[in-house]
Amino acid sequence: MARVTFRNVWKKYGDFAAVKDLNIDCPDGTFLSILGPSGCGKSSTMRMVAGLEHISAGDILFDDKRINDLAPKDRDVAMVFENYALYPHKSVFENMANPLKLRGQDTGRIKDRVTQAAKLLEIGHLLERRPQELSGGQKQRVAIGRAIVREPKLFLFDEPIAHLDAKLRAHMRGEIKHMQRTLGTTMVYVTHDQLEAMSMADQIAVMHEGELQQLGSPREVYNKPVNAWVAGFVGEPAMNFLTCELTREADRLSLSHPNFSLALKPDQAGCLNGSAGTVRMGVRPDALAISMTRPAEPVITGEVFVTELLGGDMIVEVQLADARIRVKTAPEFAGSPGEACYLSVNRDKWHAFDIDTGRAYF
Amino acid sequence: MTDITLSPENSLRHGESLFRVRQLQDNVEARPAPSRIAEPTRLNPLPSKAYFFWLMAPAIILLACISIYPFFWMIYMSLHEVDIGSATWNNFENFTKLFTDTRYLKGWALLFQYSLMCLALQIGIGVFLAVVLNGARFEKVLVTALLMPMMMAPIVAGLVWYFLYNGTFGWYHWLFQSLGLLDAKSILASPNTAMLGIVLVDVWQWTPLITLITLAGLKRVPQDQLEANMVDGASPLRNFFSVTLPNLYPVLLIAVMLRFMDNFRFIDSALVLTGGGPGNATKILPIYLFEVSFKFFKLGRGAAIALTLLVVTIILGMILVKVFDRQQTRKT
């Protein structure tokens, strides 16, 4: 178990910088998820930790010990790969025994550890099989088994469940989280799926184009995104963005749009102090309420564009003057396309971003 | 919950199940009700067997003329005393005499010696070169240069090496002598070294094939397996033997199969270099066969030797194919 620190870490491929000046401090026992779209540098980051990529600049530390120059085998990490990377010519037992065997453990102990780990993962009956005879979910568990037979300082999981079908993936999210909590080993978990990061991690590091955008708990990242990009990336369905004008009438600051004009709360107005002109308003589909009858305090008027029933929820796309926004509502919603509808905003849960830089005001 | 601080050691000892897979299967994979869909009453017809036969007929006929007819003719000859214009039945004498023919038996021994030496050197050097060349700078240029020997006709290669080995002006001869490896005699002139002489030519000419096949195999070794093994704790050398090499087995088997069959058939360069000499030191079976048939014109006996050679080649080939198949089924 170890605390992992990234100190001004860069990864450059020629002139292209895949990771730029990364600083993360991941305390011992933390489940850290590195989240970002493909090409954001998250895999390069993990591979630098594993020792599979050279660290172009900066340092990575395990428990304050610089590990830049250690070979992968000397870093004492265990990694699970996206495609499982099982050895096809070895049986499940031999696959799981490999890390112990390479560290010169004696046969009896290897057998003990592997059978215990296999029991834990409920793959005890598969030990004699070869990887080709296993299903995707089984292979994935063998790959995890190979990681947990040792007591590594650190687990590195590189999109380990991306190739499973949706149901098994949802199941494995809970299992992996439970496993990490039980073993208490520090975990770095790379994923492009914001749902995985949200549901499993203690800390999420959101990356975009090689830069760390935000580091925080899932709640912080979801509720207090630091910029419009993070706000748009995290959350499904994605946050709605509308371009609004800031208007001031009688000391009250409002966001104005062809479809509405809504007053800001005093503390929010405080955050915007001094700025004027255009801002991007952001509001999540679940912070909006839709109704077909005009409420007492009408807020946004639009018309229903299309409805999508998702079983337990319904997503309604609403056409405004210059944009479409999505609203999450109950499946009983009865509006049909073309009808006028009314949206009210939960003003504790909306955001304003700088129109140019995307920086969040609140 | 105190479990959170458990080390893996402890939780492993507790044997607590981390993965509730069986529950999942019970929940998720509920069996559908048995199917009530009736079988179709009529299936659409497949093309008839005759249709496929006629499609293959031209190839079969061509093969029959150039390959199957001579094959049966060889069997016929092997059972007869053959002379120009006549063939008399001789009670399997062609075969029975083989068992007492020391040169025939020696021919087999030399053939296996020759073949194994060639294979061992070619695989060893070929794989080594492939590993060195894989991903190297100028890889393509170097590989192309390396392939040159293969493009040369074997008989030409034999002649070139014949001159290089020559005891008075051969460059290699001079080299070997300067290194103290040879005395005054050419490598081909001494019964002890002549075999090595013809092996070297085959190695020079055909190692590039092994390198080429191995390179193709190396490109397909999964990178993530190599990396997983590195993280598991393997040194680069260990990684080569425990991941790269097992992934190369199928291609190496194909290479072995090709080369051993070639060694049993292609004797051009050996024939040019030594013709089986000095004495009978390099008289591998195909050379002996050539002598019997086309120097002594004992066509019947030659055919008998050829038939035994063919049978052994087929058996060895089948064994290799079996091994290869087992590798493949393991893979899928």
# chains A, B, ... in the order shown; residues from 1 in each chain; ligands from 1
>>> residues_around(residues="region 215-217 of chain A", least_positions_apart="6", cutoff="9 Å", atoms="only C-alpha atoms", output="NGL selection string")
:A and (24 or 198 or 201-206)
>>> interface_residues(of="chain A", to="chain B", cutoff="6 Å", atoms="only C-alpha atoms", output="ChimeraX atom specification")
/A:72-73,85,99,102,116,120-121,132,175,179,181-184
>>> residues_around(residues="Lys65 (chain A)", least_positions_apart="6", cutoff="10 Å", atoms="only C-alpha atoms", output="list in words")
Arg3, Val4, Thr5 and Asp59 of chain A
>>> write_last_selection(atoms="all heavy atoms", output="short mmCIF file (atom, residue, chain, number, x, y, z; two decimals), in the first residue's frame")
data_model
loop_
_atom_site.label_atom_id
_atom_site.label_comp_id
_atom_site.auth_asym_id
_atom_site.auth_seq_id
_atom_site.Cartn_x
_atom_site.Cartn_y
_atom_site.Cartn_z
N ARG A 3 1.08 5.73 -0.89
CA ARG A 3 0.54 7.01 -1.32
C ARG A 3 1.25 7.35 -2.62
O ARG A 3 2.46 7.17 -2.74
CB ARG A 3 0.84 8.02 -0.21
CG ARG A 3 0.84 9.45 -0.60
CD ARG A 3 1.79 10.20 0.36
NE ARG A 3 1.70 11.61 0.09
CZ ARG A 3 1.14 12.46 0.96
NH1 ARG A 3 0.68 12.05 2.10
NH2 ARG A 3 1.07 13.73 0.65
N VAL A 4 0.51 7.81 -3.60
CA VAL A 4 1.09 8.08 -4.91
C VAL A 4 1.04 9.58 -5.18
O VAL A 4 0.00 10.20 -5.00
CB VAL A 4 0.33 7.35 -6.03
CG1 VAL A 4 0.98 7.60 -7.37
CG2 VAL A 4 0.27 5.87 -5.73
N THR A 5 2.17 10.13 -5.58
CA THR A 5 2.22 11.56 -5.84
C THR A 5 2.77 11.81 -7.25
O THR A 5 3.80 11.25 -7.62
CB THR A 5 3.13 12.27 -4.82
OG1 THR A 5 2.78 11.82 -3.52
CG2 THR A 5 2.96 13.77 -4.90
N ASP A 59 8.30 14.07 -11.55
CA ASP A 59 8.55 12.86 -10.77
C ASP A 59 7.24 12.18 -10.38
O ASP A 59 6.23 12.85 -10.19
CB ASP A 59 9.29 13.20 -9.47
CG ASP A 59 10.63 13.83 -9.76
OD1 ASP A 59 11.35 13.32 -10.64
OD2 ASP A 59 10.95 14.84 -9.12
#
>>> atom_distance(atom1="CA of Thr274 (chain B)", atom2="CA of Leu121 (chain B)")
20.5 Å
>>> atom_distance(atom1="CA of Glu159 (chain A)", atom2="CA of Lys12 (chain A)")
22.3 Å
>>> select_by_dssp(residues="region 48-279 of chain B", states="helix (DSSP H, G or I)", output="ChimeraX atom specification")
/B:49-78,93-100,102-133,139-146,148-151,154-165,171-178,194-219,223-232,236-265,268-273
>>> select_by_dssp(residues="region 34-139 of chain A", states="strand (DSSP E or B)", output="list in words")
Ile34, Leu35, Ala57, Gly58, Asp59, Ile60, Leu61, Phe62, Lys65, Arg66, Val77, Ala78, Met79 and Val80 of chain A
